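Down below is the structure, laid out as structure tokens.
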Amino acid sequence: MTDREAERVVRSTCRGCHGVCGVLVHLEDGRVTKVTGDPNCPTSNGYICAKGRAAVELLYHPDRLRFPLKRVGARGENRWQRISWDAALDTVADRFLKVKEEFGPVSIVGTQGTGRPYIVFYQRFLNALGTPNPFNHTHVCYFPRIWASDMTCGTLPVCDYFGFGGVYPKCVVNWGCNITETGAADGMCGYQETRTLNNGAKLIVIDPRCTWEASRAALWLQIRPGTDAALVLAVLYVLLTEDLADQDSIQSYSAGFNQLEDYVLGVNGGARSPQWAESICGVPAEEIIRFARAYAAAKPAMLFPGYSRFQDGHNQ
């Protein structure tokens, strides 16, 4: 076998998170030697984060669990015995069936971490077991984002910061999404935000913590956790009262905006002004006004959503 035949590169995608960045897997004699970014991937453009680079170490680490282990001795003694896959499946099945028979299937609750390729198998398994109690990241993270998007912009938003056609955002609002440190999210790569900022975009960050983004932001709004809705309403108040809202976009792509406008301006109650929001979310009114004006003035601009817990601070 020649060196050319022994070494090859396979195009694939990274699953270190669900950003699904494109990667090049380098192999020698069938063994992975390194993983690099794929420059032809439209979302990551050849960038690869630390999690992606660690794929080889994860794959071949000597402590990686490759077979079932069953505890022997008392809990906490860290004594284990290797068993076969059939024995492991029988052990788990017997335990499930015993609990189901004694307490009923509703006594079983299933949970899992993120990793969407196997969600359907997990849900089907719980359904076959007879329990209506699945719980995972979708209930506290992904589904709320999907539902909120469906009710507002129609689908899960993907920020247009890729520079297609040579146009990049002039302003980036990062609202509680620490993507440059976590790597990627839902098809959006954190590197793209960094590249957009390096192209001269103004950065505004809304986050209780001083993240990397917050440390280099032109404006950091250190919001009190759980009061995001109050800040949103106050920003809308500025856009409406200062005639900064994009009326063409509102008329073409929104429904029910008149009712929202009445609520924000306080037609049937108190106005949701920056002064009203200041005591709720802890952000000074002048910073809220500055944020609203900067975002409205920058064209094009983008808002990167995180997973904040929205509630109307008026009820607190």
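Ligands are numbered from 1 in the order shown, chains are lettered A, B, ... in the order of the structure tokens, and residues start at 1 in each chain.
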
Contacts of Ile108 in chain A within 7 Å, only C-alpha atoms, excl. fewer than 3 positions in-chain, as a ChimeraX atom specification | /A:105,131,133

What lies within 8 Å of Ala296 in chain A using only C-alpha atoms, ignoring chain neighbours under 5 positions off, as a VMD selection string?
-> chain A and resid 239 244 to 245

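Here CA of Phe67 in chain A stands at a distance of 7.7 Å from CA of Ile83 in chain A.
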
DSSP helix (DSSP H, G or I) residues within range 64-207 of chain A, as a PyMOL selection string = chain A and resi 85-103+105-107+116-129+137-152+164-166+179-182+190-198

So that I have them on file, write out the residues from the current selection with C-alpha atoms, as a short mmCIF file (atom, residue, chain, number, x, y, z; two decimals), in the first residue's frame.
data_model
loop_
_atom_site.label_atom_id
_atom_site.label_comp_id
_atom_site.auth_asym_id
_atom_site.auth_seq_id
_atom_site.Cartn_x
_atom_site.Cartn_y
_atom_site.Cartn_z
CA TRP A 85 -24.21 -6.66 26.18
CA ASP A 86 -26.96 -9.27 26.46
CA ALA A 87 -26.54 -9.45 30.24
CA ALA A 88 -26.60 -5.66 30.47
CA LEU A 89 -29.80 -5.38 28.42
CA ASP A 90 -31.45 -8.14 30.45
CA THR A 91 -30.50 -6.43 33.71
CA VAL A 92 -31.94 -3.08 32.62
CA ALA A 93 -35.07 -4.68 31.16
CA ASP A 94 -35.73 -6.70 34.34
CA ARG A 95 -35.39 -3.57 36.48
CA PHE A 96 -37.74 -1.55 34.26
CA LEU A 97 -40.36 -4.31 34.18
CA LYS A 98 -40.18 -4.76 37.96
CA VAL A 99 -40.78 -1.05 38.56
CA LYS A 100 -43.53 -0.99 35.94
CA GLU A 101 -45.31 -3.97 37.53
CA GLU A 102 -45.04 -2.69 41.09
CA PHE A 103 -45.71 1.02 40.62
CA PRO A 105 -45.46 2.82 33.98
CA VAL A 106 -46.28 6.40 35.01
CA SER A 107 -43.76 6.04 37.85
CA ARG A 116 -30.99 15.41 18.53
CA PRO A 117 -30.16 12.47 16.21
CA TYR A 118 -31.36 9.96 18.82
CA ILE A 119 -34.29 11.88 20.34
CA VAL A 120 -36.85 9.91 18.31
CA PHE A 121 -35.46 6.60 19.59
CA TYR A 122 -35.59 7.84 23.17
CA GLN A 123 -39.19 9.01 22.79
CA ARG A 124 -40.23 5.79 21.05
CA PHE A 125 -38.67 3.72 23.84
CA LEU A 126 -40.59 5.57 26.55
CA ASN A 127 -43.78 5.25 24.53
CA ALA A 128 -43.28 1.49 24.22
CA LEU A 129 -42.58 1.31 27.95
CA HIS A 137 -33.55 19.72 26.88
CA THR A 138 -36.41 20.29 24.45
CA HIS A 139 -38.77 21.23 27.29
CA VAL A 140 -36.55 23.93 28.78
CA CYS A 141 -34.50 25.04 25.80
CA TYR A 142 -35.26 24.05 22.23
CA PHE A 143 -39.07 23.79 22.15
CA PRO A 144 -39.68 27.16 23.88
CA ARG A 145 -37.39 28.75 21.31
CA ILE A 146 -39.24 27.02 18.46
CA TRP A 147 -42.66 28.02 19.80
CA ALA A 148 -41.65 31.63 20.41
CA SER A 149 -40.18 31.82 16.92
CA ASP A 150 -43.31 30.34 15.36
CA MET A 151 -45.45 32.95 17.10
CA THR A 152 -43.24 35.87 16.04
CA PHE A 164 -23.16 36.47 1.63
CA GLY A 165 -22.80 39.01 -1.15
CA GLY A 166 -20.13 40.80 0.83
CA ILE A 179 -21.81 31.44 21.55
CA THR A 180 -18.17 32.45 21.09
CA GLU A 181 -17.21 30.39 24.15
CA THR A 182 -19.61 27.49 23.62
CA GLY A 190 -19.56 31.35 17.12
CA TYR A 191 -16.63 32.07 14.85
CA GLN A 192 -18.96 33.93 12.51
CA GLU A 193 -19.79 36.40 15.26
CA THR A 194 -16.09 36.96 15.93
CA ARG A 195 -15.43 37.48 12.22
CA THR A 196 -18.35 39.92 11.97
CA LEU A 197 -16.95 41.94 14.86
CA ASN A 198 -13.50 41.92 13.30
#

May I ask which of the residues A:Val238, A:Ala230, A:Val172, A:Cys281 is the closest one to Asn199 in chain A, counting only C-alpha atoms?
-> A:Val172

With only C-alpha atoms as the basis for distance, which of A:Cys41, A:Ile206, A:Met188, A:Val72 is at the shortest distance from Pro225 in chain A?
-> A:Ile206

Do you know which residues are at most 12 Å from range 60-65 of chain A counting only C-alpha atoms, after dropping those on the same chain fewer than 3 positions away, and could you put them as JSON, numbers by chain?
-> {"A": [31, 32, 33, 34, 54, 55, 56, 57, 68, 69, 82]}

Top pick for closest residue to Ala218 in chain A, considering A:Arg290, A:Arg11, A:Arg71, A:Arg272 and counting only C-alpha atoms | A:Arg290

Give the strand (DSSP E) residues of range 85-301 of chain A, as assigned by DSSP on the backbone, as a PDB file with C-alpha atoms, in the first residue's frame.
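Result file is part04.pdb:
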ATOM      1  CA  GLY A 110     -37.091   9.487  31.186  1.00  0.00           C
ATOM      2  CA  THR A 111     -34.511  12.194  30.690  1.00  0.00           C
ATOM      3  CA  GLN A 112     -31.634  12.802  28.296  1.00  0.00           C
ATOM      4  CA  PRO A 134     -40.304  12.164  28.879  1.00  0.00           C
ATOM      5  CA  PHE A 135     -38.163  15.094  29.924  1.00  0.00           C
ATOM      6  CA  ASN A 136     -35.144  16.539  28.185  1.00  0.00           C
ATOM      7  CA  CYS A 171     -24.407  46.080  14.621  1.00  0.00           C
ATOM      8  CA  VAL A 172     -24.558  42.771  16.513  1.00  0.00           C
ATOM      9  CA  VAL A 173     -26.830  42.417  19.544  1.00  0.00           C
ATOM     10  CA  ASN A 174     -25.943  39.361  21.601  1.00  0.00           C
ATOM     11  CA  TRP A 175     -28.867  38.750  23.966  1.00  0.00           C
ATOM     12  CA  ALA A 184     -22.075  26.955  18.015  1.00  0.00           C
ATOM     13  CA  ALA A 185     -25.844  26.670  18.260  1.00  0.00           C
ATOM     14  CA  MET A 188     -24.807  29.161  13.781  1.00  0.00           C
ATOM     15  CA  CYS A 189     -21.077  29.092  14.460  1.00  0.00           C
ATOM     16  CA  LYS A 202     -20.641  47.373  16.777  1.00  0.00           C
ATOM     17  CA  LEU A 203     -21.343  44.904  19.569  1.00  0.00           C
ATOM     18  CA  ILE A 204     -24.123  45.290  22.148  1.00  0.00           C
ATOM     19  CA  VAL A 205     -24.464  42.617  24.832  1.00  0.00           C
ATOM     20  CA  ILE A 206     -27.364  41.952  27.191  1.00  0.00           C
ATOM     21  CA  LEU A 219     -22.492  48.682  25.266  1.00  0.00           C
ATOM     22  CA  TRP A 220     -23.106  46.049  27.930  1.00  0.00           C
ATOM     23  CA  LEU A 221     -26.511  45.999  29.585  1.00  0.00           C
ATOM     24  CA  ALA A 301     -28.229  44.878  12.155  1.00  0.00           C
TER      25      ALA A 301
END

Between A:Ala294, A:Leu24, A:Ala255, A:Cys17, single out the one closest to Thr114 in chain A, counting only C-alpha atoms.
-> A:Cys17

Residue with smallest distance to Gly52 in chain A - pool A:Gly266, A:Gly37, A:Pro132, A:Gly76, counting only C-alpha atoms = A:Gly37

From the list A:Asn40, A:Glu7, A:Lys51, A:Lys170, the nearest residue to Gly183 in chain A using only C-alpha atoms is A:Lys51

What does the distance from CA of Leu236 in chain A to CA of Asp160 in chain A come to in Å, to one decimal?
->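 A separation of 22.0 Å between them.
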